[in-house]
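K.L.:
Take this structure, written in structure tokens, and hold onto it; I'll ask about it next.
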Amino acid sequence: MSVGAPRGLASSGQKPIAEILHPLSAAEEPLLVPVNVGGEKEAGLTNGTPVETSSPASASSLFNRLQLDDDLEADVRDLYASTETRDLFVTVDDPKKHVSTMETYITYRVSTKTSRIEFDLPEYCVRRRYQDFDWLRIKLEESQPTHLIPPLPEKFVMKGVVDRFSEEFVETRMKALDKFLKRVADHPVLSFNPHLNAFLSAKDLNKRQGLALLTKVGESVKHVAGGYKLRARPPEFCAMGEYLDTFSQKLGTIDRIAQRILKEQSEYLTELREYGTVYSSWAGSEEELRRPLEGVAGCVATCCRALEDQSENMSQDFLPVLREYILYIESMKNVLRKRDQTQAEYEGRLEAAILRKQEDRTPMPVEVEKCQDKVECFNADLKADWERWQSNKRQDFKQLLTGMADKNINHYEKIHKPRTLCNRDSLFVLTPRQYNNRLIHRSS
């Protein structure tokens, strides 16, 4: 089974791979690794990193900063200008269904173009299934614990509610996997991870799929078992946590209401189709009323098509972006928990070292300095990923909301453009202006 190319879903900024010339002559993009300011470190509680960053946005900044015209166009121009310096381009497309005696699954084509010396060839084309993407994300979390790893779409769906082999579901998942891989390839650190290199280039990943679930369970147990209470989380990270909680509530409410609207639209569409069929069959039995009845049936059919398009746009374009950012929030909270755990470990070692120093005047252990370095690394990486995430979020939601507004306008134009006026003998089709003029004339 093959599904067409994805439509205009908000992306991380990469062009479709078919539109990109191979960047053999392009200059390499400098690696944007956060740098710690040099100098001697003091033995004390770490309240952040010397790297200066702007304060996290407030909970209301999502909508306050949506300049939906000039800012969006400027972002798009800057976005495509920056692609000229990239040297790694990936895309996920061409889903295919595989049926065997043991299982049925979908694979996706993963295409890569690059000029990096870490790759043996300039272009690769491999096929991967969802489990392979899950393997990659687990490996990135294990090897890059201080960084925010983009989320994957949920693996499990409710049987009997969603057909995971339907064309609509496969296309939606394909878009989400494509966005995940593009975000990883655009990251200045994750894109150089050797596991990503293997994922993009190796014909056989030689992995043990059965360990995926056990690894996730093990991580959850580790977080639960490592109970701790920080003295004080740095204010900037407290602000991050509060923002994530507020943003999660807003997105959860929007997602819940949107799901209910979609369900009600589906039920209404079923009733509306049956409603129009009654007028069509009636028109065939009474010649004197045929024209007005056919006119009503035509209007109902137009409304059905418009409502069907609106529901499809919501289910395939709007809801997936909400779900991605709901999962993104959970990923960010997970990184914050890891940072807090690292800080708690440092505080515990520091207190123990201070007590020993007071007793026998021993120097500060090397382990304490290593823990402090780890906390500072966590802080710097988390701040950099936070700024990158905020930038992607603003771009995605600007594109999503402006697209949704345009589609709603098109929807109401479709269903309100033809207005009908029926008299005793015939059915006249009027433009909106003619219809309004007729009403004004009658009222006067």
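The way I read the labels, and the way they are meant: chains A, B, ... in the order of the structure tokens, residue 1 as the first residue of every chain, and ligand 1 as the first ligand shown, with later ones counted on from there.
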Do you know which residues are at most 9 Å from region 311-316 of chain A counting only C-alpha atoms, after dropping those on the same chain fewer than 2 positions away, and could you put them as a list of chain:residue names?
P.N.:
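Counting only the stated atoms, we get A:Leu9, A:Glu168, A:Phe169, A:Glu171, A:Thr172, A:Ala258, A:Gln259, A:Leu262, A:Gln265, A:Ser266, A:Ala306, A:Leu307, A:Glu308, A:Asp309, A:Phe318, A:Leu319, A:Pro320, A:Met404, A:Lys407.
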K.L.:
Which value, in Å to one decimal, gives the distance between CA of Asp385 (chain A) and CA of Phe119 (chain A)?
P.N.:
25.4 Å
K.L.:
Among the residues of region 185-349 of chain A, find those DSSP assigns to alpha helix (DSSP H) from the backbone and print them as a ChimeraX atom specification.
P.N.:
/A:185-186,194-201,211-225,235-283,290-313,319-349
K.L.:
Hey, which of A:Lys338, A:Cys371, A:Lys393, A:Glu123 ends up closest to Pro145 (chain A)? Count only C-alpha atoms.
P.N.:
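The closest residue to Pro145 (chain A) is A:Lys338.
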K.L.:
Leaving out Leu272 (chain A) and any residue of its chain fewer than 5 positions from it, which residues lie within 9 Å of it when counting only C-alpha atoms, given as a list in words?
P.N.:
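Near Leu272 (chain A), the qualifying residues are Glu267, Thr277, Val300, Ala301, Cys303 and Cys304 of chain A.
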K.L.:
Export, as a JSON list (two decimals), in the first residue's frame, the selected residues with all heavy atoms.
P.N.:
```
[["chain", "number", "residue", "atom", "x", "y", "z"],
["A", 267, "GLU", "N", -21.27, 12.35, 13.34],
["A", 267, "GLU", "CA", -22.67, 11.95, 13.51],
["A", 267, "GLU", "C", -23.60, 12.86, 12.71],
["A", 267, "GLU", "O", -24.57, 12.40, 12.09],
["A", 267, "GLU", "CB", -23.03, 11.99, 14.99],
["A", 267, "GLU", "CG", -22.25, 10.98, 15.83],
["A", 267, "GLU", "CD", -22.49, 11.14, 17.32],
["A", 267, "GLU", "OE1", -23.14, 12.16, 17.69],
["A", 267, "GLU", "OE2", -22.03, 10.29, 18.11],
["A", 277, "THR", "N", -30.81, 12.65, 0.88],
["A", 277, "THR", "CA", -31.33, 11.55, 0.06],
["A", 277, "THR", "C", -32.85, 11.57, 0.01],
["A", 277, "THR", "O", -33.45, 11.24, -1.03],
["A", 277, "THR", "CB", -30.83, 10.21, 0.63],
["A", 277, "THR", "OG1", -29.40, 10.22, 0.69],
["A", 277, "THR", "CG2", -31.28, 9.06, -0.25],
["A", 300, "VAL", "N", -27.83, 20.56, 0.26],
["A", 300, "VAL", "CA", -27.45, 19.63, 1.31],
["A", 300, "VAL", "C", -26.19, 18.86, 0.92],
["A", 300, "VAL", "O", -25.28, 18.65, 1.75],
["A", 300, "VAL", "CB", -28.60, 18.65, 1.62],
["A", 300, "VAL", "CG1", -28.15, 17.57, 2.59],
["A", 300, "VAL", "CG2", -29.80, 19.40, 2.19],
["A", 301, "ALA", "N", -26.10, 18.46, -0.35],
["A", 301, "ALA", "CA", -24.91, 17.75, -0.82],
["A", 301, "ALA", "C", -23.67, 18.64, -0.72],
["A", 301, "ALA", "O", -22.57, 18.18, -0.36],
["A", 301, "ALA", "CB", -25.11, 17.27, -2.26],
["A", 303, "CYS", "N", -23.20, 21.09, 1.44],
["A", 303, "CYS", "CA", -22.86, 21.15, 2.87],
["A", 303, "CYS", "C", -22.16, 19.88, 3.34],
["A", 303, "CYS", "O", -21.23, 19.93, 4.15],
["A", 303, "CYS", "CB", -24.13, 21.38, 3.69],
["A", 303, "CYS", "SG", -24.87, 23.00, 3.46],
["A", 304, "CYS", "N", -22.58, 18.74, 2.82],
["A", 304, "CYS", "CA", -21.94, 17.46, 3.20],
["A", 304, "CYS", "C", -20.48, 17.44, 2.77],
["A", 304, "CYS", "O", -19.60, 17.05, 3.54],
["A", 304, "CYS", "CB", -22.69, 16.29, 2.57],
["A", 304, "CYS", "SG", -24.29, 15.92, 3.32]]
```
K.L.:
Separation of CA of Phe247 (chain A) and CA of Asp317 (chain A), in Å?
P.N.:
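Interatomic distance here is 19.8 Å.
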K.L.:
If you run DSSP on the backbone here, which positions in region 95-163 of chain A get strand (DSSP E)? Please write them as an NGL selection string.
P.N.:
:A and (95-99 or 104-114 or 123-129)
K.L.:
Given the selection you just returned, output its residues as a file containing C-alpha atoms, formatted as a short mmCIF file (atom, residue, chain, number, x, y, z; two decimals), in the first residue's frame.
P.N.:
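What landed in out_33.cif:
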```
data_model
loop_
_atom_site.label_atom_id
_atom_site.label_comp_id
_atom_site.auth_asym_id
_atom_site.auth_seq_id
_atom_site.Cartn_x
_atom_site.Cartn_y
_atom_site.Cartn_z
CA PRO A 95 4.60 3.39 3.33
CA LYS A 96 4.16 -0.26 2.36
CA LYS A 97 2.24 -3.07 3.99
CA HIS A 98 4.00 -6.37 4.63
CA VAL A 99 2.07 -9.55 5.39
CA THR A 104 1.51 -7.80 9.51
CA TYR A 105 3.31 -4.46 9.64
CA ILE A 106 4.05 -1.23 7.75
CA THR A 107 7.47 -0.06 6.61
CA TYR A 108 8.46 3.43 5.49
CA ARG A 109 11.14 4.57 3.10
CA VAL A 110 13.82 6.70 4.80
CA SER A 111 15.85 8.74 2.30
CA THR A 112 19.00 10.66 3.21
CA LYS A 113 21.19 13.18 1.40
CA THR A 114 24.34 14.39 3.11
CA GLU A 123 22.82 9.25 -0.41
CA TYR A 124 21.00 6.42 1.33
CA CYS A 125 17.61 4.82 1.00
CA VAL A 126 16.46 2.24 3.56
CA ARG A 127 13.15 0.93 4.81
CA ARG A 128 12.22 1.17 8.48
CA ARG A 129 9.20 0.18 10.56
#
```
K.L.:
For the atom pair CA of Ser191 (chain A) and CA of Glu376 (chain A), what is the interatomic distance in Å to one decimal place?
P.N.:
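Value for the CA of Ser191 (chain A)-CA of Glu376 (chain A) distance: 21.9 Å.
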K.L.:
Within 12 Å of Glu367 (chain A), counting only C-alpha atoms, which residues qualify if same-chain residues fewer than 2 places away don't, as a PDB file with N, CA, C and O atoms, in the first residue's frame?
P.N.:
```pdb
ATOM      1  N   ALA A  43      32.601  25.494  45.193  1.00  0.00           N
ATOM      2  CA  ALA A  43      31.830  24.388  45.760  1.00  0.00           C
ATOM      3  C   ALA A  43      30.595  24.960  46.425  1.00  0.00           C
ATOM      4  O   ALA A  43      30.647  25.457  47.535  1.00  0.00           O
ATOM      5  N   GLU A 345      21.758  14.550  43.444  1.00  0.00           N
ATOM      6  CA  GLU A 345      22.960  13.732  43.667  1.00  0.00           C
ATOM      7  C   GLU A 345      24.153  14.619  44.024  1.00  0.00           C
ATOM      8  O   GLU A 345      24.940  14.310  44.931  1.00  0.00           O
ATOM      9  N   TYR A 346      24.283  15.739  43.304  1.00  0.00           N
ATOM     10  CA  TYR A 346      25.389  16.660  43.587  1.00  0.00           C
ATOM     11  C   TYR A 346      25.264  17.262  44.980  1.00  0.00           C
ATOM     12  O   TYR A 346      26.257  17.336  45.736  1.00  0.00           O
ATOM     13  N   GLU A 347      24.064  17.675  45.357  1.00  0.00           N
ATOM     14  CA  GLU A 347      23.871  18.269  46.684  1.00  0.00           C
ATOM     15  C   GLU A 347      24.197  17.263  47.789  1.00  0.00           C
ATOM     16  O   GLU A 347      24.806  17.610  48.805  1.00  0.00           O
ATOM     17  N   GLY A 348      23.784  16.012  47.589  1.00  0.00           N
ATOM     18  CA  GLY A 348      24.084  14.995  48.595  1.00  0.00           C
ATOM     19  C   GLY A 348      25.571  14.754  48.748  1.00  0.00           C
ATOM     20  O   GLY A 348      26.091  14.665  49.876  1.00  0.00           O
ATOM     21  N   ARG A 349      26.274  14.636  47.612  1.00  0.00           N
ATOM     22  CA  ARG A 349      27.724  14.417  47.683  1.00  0.00           C
ATOM     23  C   ARG A 349      28.437  15.632  48.288  1.00  0.00           C
ATOM     24  O   ARG A 349      29.411  15.491  49.030  1.00  0.00           O
ATOM     25  N   LEU A 350      27.936  16.832  47.936  1.00  0.00           N
ATOM     26  CA  LEU A 350      28.567  18.040  48.444  1.00  0.00           C
ATOM     27  C   LEU A 350      28.416  18.144  49.962  1.00  0.00           C
ATOM     28  O   LEU A 350      29.375  18.477  50.680  1.00  0.00           O
ATOM     29  N   ALA A 352      28.017  15.699  52.084  1.00  0.00           N
ATOM     30  CA  ALA A 352      28.882  14.692  52.714  1.00  0.00           C
ATOM     31  C   ALA A 352      30.343  15.131  52.698  1.00  0.00           C
ATOM     32  O   ALA A 352      31.084  14.939  53.686  1.00  0.00           O
ATOM     33  N   ALA A 353      30.760  15.742  51.588  1.00  0.00           N
ATOM     34  CA  ALA A 353      32.154  16.185  51.489  1.00  0.00           C
ATOM     35  C   ALA A 353      32.441  17.325  52.452  1.00  0.00           C
ATOM     36  O   ALA A 353      33.531  17.399  53.046  1.00  0.00           O
ATOM     37  N   PRO A 363      40.642  17.442  51.183  1.00  0.00           N
ATOM     38  CA  PRO A 363      40.253  18.262  50.022  1.00  0.00           C
ATOM     39  C   PRO A 363      38.932  17.767  49.423  1.00  0.00           C
ATOM     40  O   PRO A 363      38.496  16.646  49.674  1.00  0.00           O
ATOM     41  N   MET A 364      38.345  18.621  48.618  1.00  0.00           N
ATOM     42  CA  MET A 364      37.074  18.294  47.986  1.00  0.00           C
ATOM     43  C   MET A 364      37.259  17.124  47.019  1.00  0.00           C
ATOM     44  O   MET A 364      38.124  17.159  46.147  1.00  0.00           O
ATOM     45  N   PRO A 365      36.499  16.048  47.167  1.00  0.00           N
ATOM     46  CA  PRO A 365      36.662  14.887  46.290  1.00  0.00           C
ATOM     47  C   PRO A 365      36.405  15.226  44.820  1.00  0.00           C
ATOM     48  O   PRO A 365      35.623  16.135  44.493  1.00  0.00           O
ATOM     49  N   GLU A 369      33.243  17.413  42.084  1.00  0.00           N
ATOM     50  CA  GLU A 369      33.454  18.291  40.935  1.00  0.00           C
ATOM     51  C   GLU A 369      32.856  17.698  39.667  1.00  0.00           C
ATOM     52  O   GLU A 369      32.301  18.418  38.833  1.00  0.00           O
ATOM     53  N   LYS A 370      32.937  16.394  39.528  1.00  0.00           N
ATOM     54  CA  LYS A 370      32.337  15.756  38.347  1.00  0.00           C
ATOM     55  C   LYS A 370      30.814  15.904  38.372  1.00  0.00           C
ATOM     56  O   LYS A 370      30.194  16.145  37.329  1.00  0.00           O
ATOM     57  N   CYS A 371      30.230  15.760  39.546  1.00  0.00           N
ATOM     58  CA  CYS A 371      28.783  15.947  39.659  1.00  0.00           C
ATOM     59  C   CYS A 371      28.386  17.384  39.337  1.00  0.00           C
ATOM     60  O   CYS A 371      27.369  17.624  38.681  1.00  0.00           O
ATOM     61  N   GLN A 372      29.204  18.330  39.771  1.00  0.00           N
ATOM     62  CA  GLN A 372      28.918  19.725  39.482  1.00  0.00           C
ATOM     63  C   GLN A 372      29.009  19.978  37.968  1.00  0.00           C
ATOM     64  O   GLN A 372      28.177  20.689  37.397  1.00  0.00           O
ATOM     65  N   ASP A 373      30.020  19.393  37.336  1.00  0.00           N
ATOM     66  CA  ASP A 373      30.144  19.522  35.882  1.00  0.00           C
ATOM     67  C   ASP A 373      28.923  18.939  35.173  1.00  0.00           C
ATOM     68  O   ASP A 373      28.428  19.499  34.183  1.00  0.00           O
ATOM     69  N   LYS A 374      28.439  17.808  35.686  1.00  0.00           N
ATOM     70  CA  LYS A 374      27.285  17.163  35.066  1.00  0.00           C
ATOM     71  C   LYS A 374      26.038  18.031  35.191  1.00  0.00           C
ATOM     72  O   LYS A 374      25.248  18.147  34.254  1.00  0.00           O
TER      73      LYS A 374
END
```
K.L.:
Would you mind listing what lies within 12 Å of Ile257 (chain A) as a list in words, with only C-alpha atoms counted and same-chain residues fewer than 6 positions away left out?
P.N.:
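After dropping sequence-adjacent residues, the list is Lys250, Leu251, Lys263, Glu264, Met314, Leu319 and Leu322 of chain A.
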K.L.:
Would you tabulate, counting only C-alpha atoms, all residues of region 282-365 of chain A that have an atom at most 9 Å from an atom of region 231-239 of chain A, showing the closest pair of atoms and their distance in Å to one decimal, sorted by chain then ascending number, as CSV?
P.N.:
```
residue,atom,partner,partner_atom,distance
A:Leu336,CA,A:Phe237,CA,7.7
A:Asp340,CA,A:Arg233,CA,7.3
A:Gln343,CA,A:Arg233,CA,8.5
A:Ala344,CA,A:Arg231,CA,8.1
A:Glu347,CA,A:Arg231,CA,8.3
```
K.L.:
If you keep N, CA and C atoms, can you produce a file of those selected residues as a CSV table (one decimal), in the first residue's frame?
P.N.:
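Everything below was put into selection.csv:
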```
chain,number,residue,atom,x,y,z
A,336,LEU,N,13.6,17.4,32.7
A,336,LEU,CA,13.6,18.2,33.9
A,336,LEU,C,13.8,17.3,35.1
A,340,ASP,N,16.8,17.4,37.8
A,340,ASP,CA,16.7,17.5,39.3
A,340,ASP,C,17.3,16.4,40.0
A,343,GLN,N,21.0,17.1,40.1
A,343,GLN,CA,21.3,18.2,41.1
A,343,GLN,C,21.2,17.6,42.5
A,344,ALA,N,20.2,16.7,42.8
A,344,ALA,CA,20.1,16.1,44.1
A,344,ALA,C,21.3,15.3,44.4
A,347,GLU,N,24.1,17.7,45.4
A,347,GLU,CA,23.9,18.3,46.7
A,347,GLU,C,24.2,17.3,47.8
```
K.L.:
For region 146-149 of chain A, list every protein, DNA or RNA residue within 8 Å, evaluated using only C-alpha atoms, and leave out those in the same chain fewer than 4 positions away; present the list as a PyMOL selection string.
P.N.:
chain A and resi 137+140-141+184+331-332+335+338-339+377-378+381-382+385
K.L.:
Export all heavy atoms of the chosen residues as a compact mmCIF listing (two decimals), in the first residue's frame?
P.N.:
```txt
# COMPACT_ATOMS: atom_id res chain seq x y z
N ARG A 137 14.96 6.27 19.13
CA ARG A 137 14.68 7.22 20.20
C ARG A 137 15.22 6.73 21.55
O ARG A 137 15.76 7.51 22.34
CB ARG A 137 13.17 7.47 20.30
CG ARG A 137 12.84 8.65 21.19
CD ARG A 137 11.36 8.93 21.28
NE ARG A 137 11.14 10.19 21.98
CZ ARG A 137 11.20 10.35 23.29
NH1 ARG A 137 11.45 9.30 24.07
NH2 ARG A 137 11.01 11.53 23.85
N LEU A 140 18.90 7.33 21.61
CA LEU A 140 19.22 8.74 21.79
C LEU A 140 19.03 9.16 23.24
O LEU A 140 19.84 9.92 23.78
CB LEU A 140 18.32 9.59 20.88
CG LEU A 140 18.58 9.50 19.37
CD1 LEU A 140 17.55 10.31 18.60
CD2 LEU A 140 19.99 9.96 19.02
N GLU A 141 17.98 8.67 23.89
CA GLU A 141 17.76 8.99 25.30
C GLU A 141 18.88 8.44 26.17
O GLU A 141 19.31 9.08 27.13
CB GLU A 141 16.42 8.42 25.77
CG GLU A 141 15.22 9.27 25.38
CD GLU A 141 13.95 8.80 26.07
OE1 GLU A 141 13.87 7.60 26.39
OE2 GLU A 141 13.05 9.62 26.27
N VAL A 184 15.32 15.52 14.69
CA VAL A 184 16.59 14.95 15.14
C VAL A 184 17.72 15.36 14.21
O VAL A 184 18.82 15.74 14.66
CB VAL A 184 16.48 13.41 15.21
CG1 VAL A 184 17.84 12.79 15.52
CG2 VAL A 184 15.46 12.99 16.27
N SER A 331 8.06 14.72 27.32
CA SER A 331 9.49 14.54 27.12
C SER A 331 10.29 15.61 27.84
O SER A 331 11.33 15.33 28.46
CB SER A 331 9.82 14.55 25.62
OG SER A 331 9.18 13.49 24.94
N MET A 332 9.82 16.85 27.76
CA MET A 332 10.51 17.93 28.44
C MET A 332 10.47 17.76 29.96
O MET A 332 11.46 17.99 30.66
CB MET A 332 9.88 19.27 28.04
CG MET A 332 10.53 20.48 28.68
SD MET A 332 12.25 20.74 28.16
CE MET A 332 11.98 21.45 26.53
N VAL A 335 13.08 15.27 31.00
CA VAL A 335 14.44 15.83 31.07
C VAL A 335 14.60 16.68 32.33
O VAL A 335 15.65 16.65 32.98
CB VAL A 335 14.74 16.66 29.81
CG1 VAL A 335 16.14 17.27 29.88
CG2 VAL A 335 14.64 15.79 28.55
N LYS A 338 15.22 14.40 35.22
CA LYS A 338 16.61 13.92 35.22
C LYS A 338 17.57 14.99 35.72
O LYS A 338 18.52 14.70 36.45
CB LYS A 338 16.99 13.48 33.80
CG LYS A 338 16.28 12.23 33.30
CD LYS A 338 16.73 11.91 31.88
CE LYS A 338 16.02 10.67 31.34
NZ LYS A 338 16.43 10.38 29.93
N ARG A 339 17.33 16.23 35.30
CA ARG A 339 18.18 17.33 35.78
C ARG A 339 18.08 17.48 37.30
O ARG A 339 19.10 17.65 37.99
CB ARG A 339 17.75 18.63 35.10
CG ARG A 339 18.78 19.77 35.20
CD ARG A 339 18.11 21.10 35.40
NE ARG A 339 17.53 21.23 36.73
CZ ARG A 339 18.21 21.61 37.81
NH1 ARG A 339 19.48 21.93 37.72
NH2 ARG A 339 17.62 21.69 39.00
N CYS A 377 26.34 20.91 32.78
CA CYS A 377 26.09 20.42 31.42
C CYS A 377 24.59 20.24 31.19
O CYS A 377 24.06 20.63 30.13
CB CYS A 377 26.83 19.10 31.20
SG CYS A 377 26.63 18.40 29.53
N PHE A 378 23.90 19.66 32.17
CA PHE A 378 22.44 19.50 32.07
C PHE A 378 21.77 20.86 31.89
O PHE A 378 20.89 21.04 31.05
CB PHE A 378 21.90 18.83 33.34
CG PHE A 378 21.25 17.51 33.09
CD1 PHE A 378 21.73 16.35 33.69
CD2 PHE A 378 20.15 17.40 32.26
CE1 PHE A 378 21.14 15.12 33.47
CE2 PHE A 378 19.54 16.18 32.04
CZ PHE A 378 20.04 15.03 32.64
N ASP A 381 22.55 22.39 28.32
CA ASP A 381 21.87 21.67 27.24
C ASP A 381 20.36 21.86 27.30
O ASP A 381 19.69 22.02 26.27
CB ASP A 381 22.20 20.17 27.32
CG ASP A 381 23.65 19.88 26.96
OD1 ASP A 381 24.31 20.78 26.40
OD2 ASP A 381 24.12 18.77 27.24
N LEU A 382 19.81 21.86 28.53
CA LEU A 382 18.37 22.01 28.67
C LEU A 382 17.92 23.41 28.26
O LEU A 382 16.89 23.58 27.60
CB LEU A 382 17.96 21.73 30.12
CG LEU A 382 16.46 21.77 30.43
CD1 LEU A 382 15.69 20.84 29.51
CD2 LEU A 382 16.21 21.38 31.88
N ASP A 385 18.03 23.54 24.40
CA ASP A 385 16.92 22.78 23.81
C ASP A 385 15.59 23.47 24.08
O ASP A 385 14.66 23.40 23.27
CB ASP A 385 16.90 21.36 24.36
CG ASP A 385 17.98 20.49 23.75
OD1 ASP A 385 18.62 20.95 22.78
OD2 ASP A 385 18.19 19.36 24.23
```
